[in-house]
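File shown: data-v6.tsv (TSV, N, CA and C atoms).
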chain	number	residue	atom	x	y	z
A	1	MET	N	-20.28	47.58	17.96
A	1	MET	CA	-20.60	48.31	16.75
A	1	MET	C	-22.12	48.45	16.65
A	2	ALA	N	-22.55	49.63	16.28
A	2	ALA	CA	-23.98	49.93	16.22
A	2	ALA	C	-24.62	49.26	15.01
A	3	CYS	N	-25.83	48.85	15.19
A	3	CYS	CA	-26.62	48.27	14.10
A	3	CYS	C	-26.95	49.36	13.09
A	4	ALA	N	-27.00	49.02	11.82
A	4	ALA	CA	-27.27	50.01	10.78
A	4	ALA	C	-28.63	50.68	10.99
A	5	ALA	N	-29.60	49.96	11.52
A	5	ALA	CA	-30.92	50.54	11.74
A	5	ALA	C	-30.90	51.57	12.85
A	6	ALA	N	-29.96	51.45	13.78
A	6	ALA	CA	-29.89	52.38	14.91
A	6	ALA	C	-29.19	53.68	14.53
A	7	ARG	N	-28.43	53.68	13.45
A	7	ARG	CA	-27.72	54.89	13.04
A	7	ARG	C	-28.66	55.84	12.31
A	8	SER	N	-28.40	57.09	12.47
A	8	SER	CA	-29.22	58.12	11.83
A	8	SER	C	-28.93	58.20	10.34
A	9	PRO	N	-29.95	58.45	9.50
A	9	PRO	CA	-29.72	58.65	8.07
A	9	PRO	C	-28.87	59.89	7.80
A	10	ALA	N	-28.75	60.77	8.79
A	10	ALA	CA	-27.97	61.98	8.60
A	10	ALA	C	-26.48	61.77	8.90
A	11	ASP	N	-26.09	60.59	9.40
A	11	ASP	CA	-24.67	60.30	9.61
A	11	ASP	C	-23.97	60.26	8.26
A	12	GLN	N	-22.78	60.84	8.19
A	12	GLN	CA	-22.09	60.91	6.90
A	12	GLN	C	-21.76	59.54	6.33
A	13	ASP	N	-21.56	58.56	7.17
A	13	ASP	CA	-21.27	57.23	6.64
A	13	ASP	C	-22.52	56.55	6.07
A	14	ARG	N	-23.69	57.15	6.22
A	14	ARG	CA	-24.94	56.64	5.65
A	14	ARG	C	-25.30	57.34	4.35
A	15	PHE	N	-24.54	58.35	3.96
A	15	PHE	CA	-24.79	59.03	2.69
A	15	PHE	C	-24.47	58.05	1.55
A	16	ILE	N	-25.13	58.24	0.41
A	16	ILE	CA	-24.81	57.37	-0.73
A	16	ILE	C	-23.52	57.84	-1.39
A	17	CYS	N	-22.87	56.94	-2.09
A	17	CYS	CA	-21.61	57.24	-2.78
A	17	CYS	C	-21.85	57.35	-4.28
A	18	ILE	N	-21.23	58.34	-4.90
A	18	ILE	CA	-21.25	58.45	-6.35
A	18	ILE	C	-19.80	58.57	-6.81
A	19	TYR	N	-19.37	57.60	-7.58
A	19	TYR	CA	-18.04	57.64	-8.19
A	19	TYR	C	-18.18	58.16	-9.61
A	20	PRO	N	-17.18	58.86	-10.12
A	20	PRO	CA	-17.24	59.36	-11.51
A	20	PRO	C	-17.48	58.26	-12.54
A	21	ALA	N	-16.99	57.06	-12.30
A	21	ALA	CA	-17.18	55.95	-13.24
A	21	ALA	C	-18.65	55.63	-13.46
A	22	TYR	N	-19.49	55.89	-12.46
A	22	TYR	CA	-20.92	55.61	-12.59
A	22	TYR	C	-21.56	56.43	-13.72
A	23	LEU	N	-21.00	57.60	-14.00
A	23	LEU	CA	-21.59	58.56	-14.94
A	23	LEU	C	-20.78	58.73	-16.21
A	24	ASN	N	-19.71	57.97	-16.39
A	24	ASN	CA	-18.77	58.15	-17.48
A	24	ASN	C	-19.22	57.38	-18.73
A	25	ASN	N	-19.45	58.11	-19.84
A	25	ASN	CA	-19.90	57.44	-21.06
A	25	ASN	C	-18.78	56.66	-21.75
A	26	LYS	N	-17.56	56.80	-21.31
A	26	LYS	CA	-16.44	56.04	-21.87
A	26	LYS	C	-16.30	54.67	-21.21
A	27	LYS	N	-17.06	54.43	-20.14
A	27	LYS	CA	-16.99	53.16	-19.42
A	27	LYS	C	-18.11	52.24	-19.88
A	28	THR	N	-17.83	50.95	-19.83
A	28	THR	CA	-18.88	49.96	-20.07
A	28	THR	C	-19.56	49.66	-18.74
A	29	ILE	N	-20.64	48.93	-18.80
A	29	ILE	CA	-21.31	48.53	-17.56
A	29	ILE	C	-20.37	47.68	-16.72
A	30	ALA	N	-19.60	46.81	-17.37
A	30	ALA	CA	-18.64	45.97	-16.65
A	30	ALA	C	-17.56	46.80	-15.97
A	31	GLU	N	-17.25	47.96	-16.53
A	31	GLU	CA	-16.23	48.84	-15.94
A	31	GLU	C	-16.81	49.77	-14.88
A	32	GLY	N	-18.13	49.74	-14.69
A	32	GLY	CA	-18.71	50.49	-13.61
A	32	GLY	C	-19.75	51.53	-13.95
A	33	ARG	N	-20.02	51.77	-15.24
A	33	ARG	CA	-21.06	52.75	-15.58
A	33	ARG	C	-22.40	52.23	-15.11
A	34	ARG	N	-23.22	53.09	-14.49
A	34	ARG	CA	-24.50	52.66	-13.93
A	34	ARG	C	-25.71	53.34	-14.57
A	35	ILE	N	-25.48	54.21	-15.51
A	35	ILE	CA	-26.59	54.89	-16.17
A	35	ILE	C	-26.48	54.69	-17.68
A	36	PRO	N	-27.56	54.92	-18.42
A	36	PRO	CA	-27.49	54.76	-19.88
A	36	PRO	C	-26.48	55.73	-20.50
A	37	ILE	N	-25.86	55.31	-21.58
A	37	ILE	CA	-24.88	56.16	-22.26
A	37	ILE	C	-25.50	57.49	-22.68
A	38	SER	N	-26.78	57.47	-23.04
A	38	SER	CA	-27.45	58.70	-23.47
A	38	SER	C	-27.50	59.76	-22.36
A	39	LYS	N	-27.45	59.34	-21.11
A	39	LYS	CA	-27.49	60.28	-19.99
A	39	LYS	C	-26.11	60.50	-19.38
A	40	ALA	N	-25.13	59.72	-19.77
A	40	ALA	CA	-23.78	59.81	-19.21
A	40	ALA	C	-23.02	60.97	-19.86
A	41	VAL	N	-21.93	61.37	-19.22
A	41	VAL	CA	-21.08	62.44	-19.73
A	41	VAL	C	-19.66	61.93	-19.88
A	42	GLU	N	-18.86	62.65	-20.63
A	42	GLU	CA	-17.50	62.22	-20.88
A	42	GLU	C	-16.57	62.61	-19.74
A	43	ASN	N	-15.97	61.61	-19.14
A	43	ASN	CA	-14.96	61.78	-18.08
A	43	ASN	C	-15.33	62.80	-17.01
A	44	PRO	N	-16.42	62.58	-16.28
A	44	PRO	CA	-16.75	63.52	-15.19
A	44	PRO	C	-15.75	63.39	-14.05
A	45	THR	N	-15.56	64.45	-13.32
A	45	THR	CA	-14.69	64.41	-12.14
A	45	THR	C	-15.57	64.46	-10.89
A	46	ALA	N	-15.00	64.03	-9.78
A	46	ALA	CA	-15.74	64.07	-8.52
A	46	ALA	C	-16.11	65.51	-8.14
A	47	THR	N	-15.25	66.45	-8.46
A	47	THR	CA	-15.52	67.86	-8.16
A	47	THR	C	-16.72	68.36	-8.96
A	48	GLU	N	-16.81	67.96	-10.23
A	48	GLU	CA	-17.95	68.36	-11.06
A	48	GLU	C	-19.25	67.76	-10.52
A	49	ILE	N	-19.20	66.51	-10.09
A	49	ILE	CA	-20.38	65.86	-9.52
A	49	ILE	C	-20.80	66.57	-8.24
A	50	GLN	N	-19.83	66.94	-7.43
A	50	GLN	CA	-20.11	67.67	-6.19
A	50	GLN	C	-20.78	69.01	-6.51
A	51	ASP	N	-20.27	69.72	-7.51
A	51	ASP	CA	-20.84	71.01	-7.89
A	51	ASP	C	-22.29	70.88	-8.35
A	52	VAL	N	-22.58	69.87	-9.16
A	52	VAL	CA	-23.94	69.67	-9.66
A	52	VAL	C	-24.89	69.33	-8.52
A	53	CYS	N	-24.48	68.44	-7.65
A	53	CYS	CA	-25.33	68.05	-6.52
A	53	CYS	C	-25.56	69.22	-5.57
A	54	SER	N	-24.54	70.02	-5.35
A	54	SER	CA	-24.69	71.20	-4.50
A	54	SER	C	-25.62	72.22	-5.15
A	55	ALA	N	-25.54	72.36	-6.47
A	55	ALA	CA	-26.37	73.33	-7.17
A	55	ALA	C	-27.86	73.00	-7.08
A	56	VAL	N	-28.21	71.73	-6.98
A	56	VAL	CA	-29.62	71.37	-6.85
A	56	VAL	C	-30.09	71.36	-5.40
A	57	GLY	N	-29.17	71.63	-4.48
A	57	GLY	CA	-29.55	71.78	-3.08
A	57	GLY	C	-29.30	70.58	-2.20
A	58	LEU	N	-28.53	69.61	-2.65
A	58	LEU	CA	-28.23	68.44	-1.83
A	58	LEU	C	-27.04	68.71	-0.92
A	59	ASN	N	-27.03	68.06	0.23
A	59	ASN	CA	-25.90	68.12	1.15
A	59	ASN	C	-24.87	67.09	0.69
A	60	VAL	N	-23.70	67.54	0.28
A	60	VAL	CA	-22.67	66.64	-0.26
A	60	VAL	C	-21.32	66.92	0.37
A	61	PHE	N	-20.45	65.93	0.32
A	61	PHE	CA	-19.04	66.18	0.61
A	61	PHE	C	-18.18	65.29	-0.26
A	62	LEU	N	-17.00	65.78	-0.55
A	62	LEU	CA	-16.08	65.13	-1.48
A	62	LEU	C	-14.99	64.41	-0.71
A	63	GLU	N	-14.74	63.17	-1.08
A	63	GLU	CA	-13.62	62.40	-0.54
A	63	GLU	C	-12.62	62.24	-1.67
A	64	LYS	N	-11.60	63.10	-1.68
A	64	LYS	CA	-10.68	63.19	-2.81
A	64	LYS	C	-9.78	61.97	-3.00
A	65	ASN	N	-9.43	61.29	-1.93
A	65	ASN	CA	-8.46	60.19	-2.04
A	65	ASN	C	-9.09	58.82	-2.17
A	66	LYS	N	-10.39	58.75	-2.38
A	66	LYS	CA	-11.05	57.46	-2.56
A	66	LYS	C	-11.01	57.07	-4.03
A	67	MET	N	-10.94	55.77	-4.28
A	67	MET	CA	-10.90	55.25	-5.65
A	67	MET	C	-11.98	54.20	-5.84
A	68	TYR	N	-12.57	54.17	-7.02
A	68	TYR	CA	-13.54	53.14	-7.35
A	68	TYR	C	-12.77	51.84	-7.57
A	69	SER	N	-13.27	50.75	-7.03
A	69	SER	CA	-12.53	49.49	-7.05
A	69	SER	C	-12.30	48.93	-8.46
A	70	ARG	N	-13.16	49.25	-9.40
A	70	ARG	CA	-12.98	48.77	-10.78
A	70	ARG	C	-12.12	49.69	-11.63
A	71	GLU	N	-11.71	50.81	-11.08
A	71	GLU	CA	-10.91	51.78	-11.85
A	71	GLU	C	-9.44	51.33	-11.84
A	72	TRP	N	-8.92	51.00	-13.00
A	72	TRP	CA	-7.54	50.55	-13.08
A	72	TRP	C	-6.57	51.72	-13.18
A	73	ASN	N	-7.03	52.84	-13.68
A	73	ASN	CA	-6.18	54.01	-13.85
A	73	ASN	C	-6.06	54.75	-12.51
A	74	ARG	N	-4.87	54.97	-12.05
A	74	ARG	CA	-4.65	55.60	-10.74
A	74	ARG	C	-4.34	57.10	-10.84
A	75	ASP	N	-4.59	57.71	-11.99
A	75	ASP	CA	-4.35	59.14	-12.15
A	75	ASP	C	-5.26	59.95	-11.23
A	76	VAL	N	-4.82	61.15	-10.91
A	76	VAL	CA	-5.59	62.03	-10.04
A	76	VAL	C	-6.95	62.35	-10.65
A	77	GLN	N	-7.04	62.42	-11.96
A	77	GLN	CA	-8.30	62.73	-12.65
A	77	GLN	C	-9.40	61.73	-12.30
A	78	TYR	N	-9.04	60.48	-12.03
A	78	TYR	CA	-10.02	59.43	-11.79
A	78	TYR	C	-10.28	59.18	-10.31
A	79	ARG	N	-9.65	59.94	-9.45
A	79	ARG	CA	-9.83	59.76	-8.01
A	79	ARG	C	-11.01	60.56	-7.49
A	80	GLY	N	-11.49	60.12	-6.35
A	80	GLY	CA	-12.54	60.85	-5.65
A	80	GLY	C	-13.89	60.18	-5.73
A	81	ARG	N	-14.66	60.46	-4.71
A	81	ARG	CA	-16.06	60.05	-4.70
A	81	ARG	C	-16.84	61.12	-3.95
A	82	VAL	N	-18.11	61.19	-4.27
A	82	VAL	CA	-18.98	62.19	-3.66
A	82	VAL	C	-19.98	61.44	-2.77
A	83	ARG	N	-20.12	61.89	-1.54
A	83	ARG	CA	-21.12	61.33	-0.62
A	83	ARG	C	-22.29	62.30	-0.60
A	84	VAL	N	-23.50	61.78	-0.78
A	84	VAL	CA	-24.70	62.61	-0.89
A	84	VAL	C	-25.73	62.18	0.15
A	85	GLN	N	-26.27	63.15	0.86
A	85	GLN	CA	-27.31	62.88	1.86
A	85	GLN	C	-28.68	62.91	1.18
A	86	LEU	N	-29.42	61.80	1.28
A	86	LEU	CA	-30.76	61.74	0.71
A	86	LEU	C	-31.84	61.88	1.78
A	87	LYS	N	-31.54	61.48	3.02
A	87	LYS	CA	-32.54	61.53	4.09
A	87	LYS	C	-32.04	62.37	5.25
A	88	GLN	N	-32.98	63.04	5.90
A	88	GLN	CA	-32.66	63.86	7.06
A	88	GLN	C	-32.63	63.00	8.32
A	89	GLU	N	-32.33	63.64	9.43
A	89	GLU	CA	-32.23	62.97	10.72
A	89	GLU	C	-33.48	62.16	11.06
A	90	ASP	N	-34.65	62.70	10.76
A	90	ASP	CA	-35.91	62.03	11.10
A	90	ASP	C	-36.35	60.99	10.05
A	91	GLY	N	-35.55	60.79	9.01
A	91	GLY	CA	-35.86	59.81	7.99
A	91	GLY	C	-36.61	60.36	6.79
A	92	SER	N	-37.01	61.63	6.86
A	92	SER	CA	-37.70	62.24	5.72
A	92	SER	C	-36.69	62.59	4.63
A	93	LEU	N	-37.17	62.74	3.41
A	93	LEU	CA	-36.29	63.04	2.28
A	93	LEU	C	-35.76	64.47	2.36
A	94	CYS	N	-34.52	64.65	1.97
A	94	CYS	CA	-33.95	66.00	1.89
A	94	CYS	C	-34.61	66.77	0.76
A	95	LEU	N	-34.72	66.14	-0.40
A	95	LEU	CA	-35.41	66.72	-1.56
A	95	LEU	C	-36.35	65.67	-2.13
A	96	VAL	N	-37.61	66.02	-2.30
A	96	VAL	CA	-38.59	65.03	-2.75
A	96	VAL	C	-38.34	64.55	-4.18
A	97	GLN	N	-37.64	65.33	-4.99
A	97	GLN	CA	-37.37	64.89	-6.36
A	97	GLN	C	-36.29	63.81	-6.42
A	98	PHE	N	-35.61	63.53	-5.29
A	98	PHE	CA	-34.58	62.49	-5.21
A	98	PHE	C	-34.91	61.52	-4.08
A	99	PRO	N	-35.91	60.64	-4.28
A	99	PRO	CA	-36.28	59.71	-3.21
A	99	PRO	C	-35.32	58.54	-3.05
A	100	SER	N	-34.48	58.26	-4.07
A	100	SER	CA	-33.53	57.15	-3.98
A	100	SER	C	-32.29	57.47	-4.79
A	101	HIS	N	-31.27	56.63	-4.64
A	101	HIS	CA	-30.04	56.84	-5.40
A	101	HIS	C	-30.26	56.62	-6.88
A	102	HIS	N	-31.25	55.85	-7.27
A	102	HIS	CA	-31.53	55.63	-8.69
A	102	HIS	C	-31.97	56.92	-9.38
A	103	THR	N	-32.84	57.67	-8.75
A	103	THR	CA	-33.29	58.92	-9.34
A	103	THR	C	-32.20	59.96	-9.36
A	104	LEU	N	-31.32	59.94	-8.38
A	104	LEU	CA	-30.22	60.90	-8.34
A	104	LEU	C	-29.25	60.62	-9.48
A	105	ASN	N	-28.87	59.38	-9.70
A	105	ASN	CA	-27.93	59.04	-10.77
A	105	ASN	C	-28.49	59.33	-12.15
A	106	LEU	N	-29.78	59.09	-12.35
A	106	LEU	CA	-30.36	59.29	-13.68
A	106	LEU	C	-30.63	60.76	-13.99
A	107	THR	N	-30.87	61.57	-12.98
A	107	THR	CA	-31.23	62.95	-13.27
A	107	THR	C	-30.07	63.91	-13.09
A	108	SER	N	-29.02	63.51	-12.39
A	108	SER	CA	-27.94	64.45	-12.08
A	108	SER	C	-27.18	64.90	-13.31
A	109	CYS	N	-27.19	64.10	-14.38
A	109	CYS	CA	-26.44	64.52	-15.58
A	109	CYS	C	-27.33	64.97	-16.71
A	110	SER	N	-28.58	65.13	-16.46
A	110	SER	CA	-29.48	65.56	-17.54
A	110	SER	C	-29.30	67.03	-17.84
I'd like the structure from this file rewritten - as structure tokens, please.
Amino acid sequence: MACAAARSPADQDRFICIYPAYLNNKKTIAEGRRIPISKAVENPTATEIQDVCSAVGLNVFLEKNKMYSREWNRDVQYRGRVRVQLKQEDGSLCLVQFPSHHTLNLTSCS
């Protein structure tokens, strides 16, 4: 198995993951919300997150059958995760306004 440092940042398994629970204002921090309620939205879907990230120019792909481990509800509405590429093959940023996953999570729902 290859060392994580040897893999390219452009490999899809190196993209960051965004689950809808991270941005859901109906969730508590214990349930998985990762941003302030003031910036969160009500019941976002993985498809909506994909659309927003694509609209700002990020390379994204949707994994429809993935589930967040803290999500107890197994409905289709709560399924999915979005993988987002932040760094290019050479290690440079794809978009300078998103240098880390923290900035992406806080600004994607503004």
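Proximity to Val52 (chain A) was assessed for A:His101, A:Arg70, A:Ile35, A:Val82 counting only C-alpha atoms; the smallest distance is recorded for A:Val82.
Taking atom N of Lys26 (chain A) and atom N of Pro44 (chain A) as the two end points, the separation is 7.7 Å.
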Checklist entry - Leaving out Thr47 (chain A) and any residue of its chain fewer than 3 positions from it, which residues lie within 10 Å of it when counting only C-alpha atoms, given as a VMD selection string? => result chain A and resid 20 44 50 to 53 61 to 64 77 79 to 82
Next on the checklist: For a quick check of understanding, using only C-alpha atoms, which of A:Lys66, A:Gln12, A:Cys17, A:Glu42 has the smallest distance to His102 (chain A)?
Outcome noted: A:Cys17
Item to check | Which of region 17-82 of chain A DSSP labels strand (DSSP E), written as a VMD selection string | outcome: chain A and resid 17 to 18 59 to 63 81 to 82
Next on the checklist: Give me, as a PyMOL selection string, all polymer residues having an atom no more than 8 Å from Asn24 (chain A), counting all atoms listed in the file and skipping those fewer than 6 positions away in the same chain.
Outcome noted: chain A and resi 32-37+39-44
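Here atom N of Leu23 (chain A) stands at a distance of 19.6 Å from atom C of Leu86 (chain A).
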Next on the checklist: Can you measure CA of Glu48 (chain A) to CA of Glu71 (chain A) for me? One decimal in Å is fine.
Outcome noted: 18.0 Å
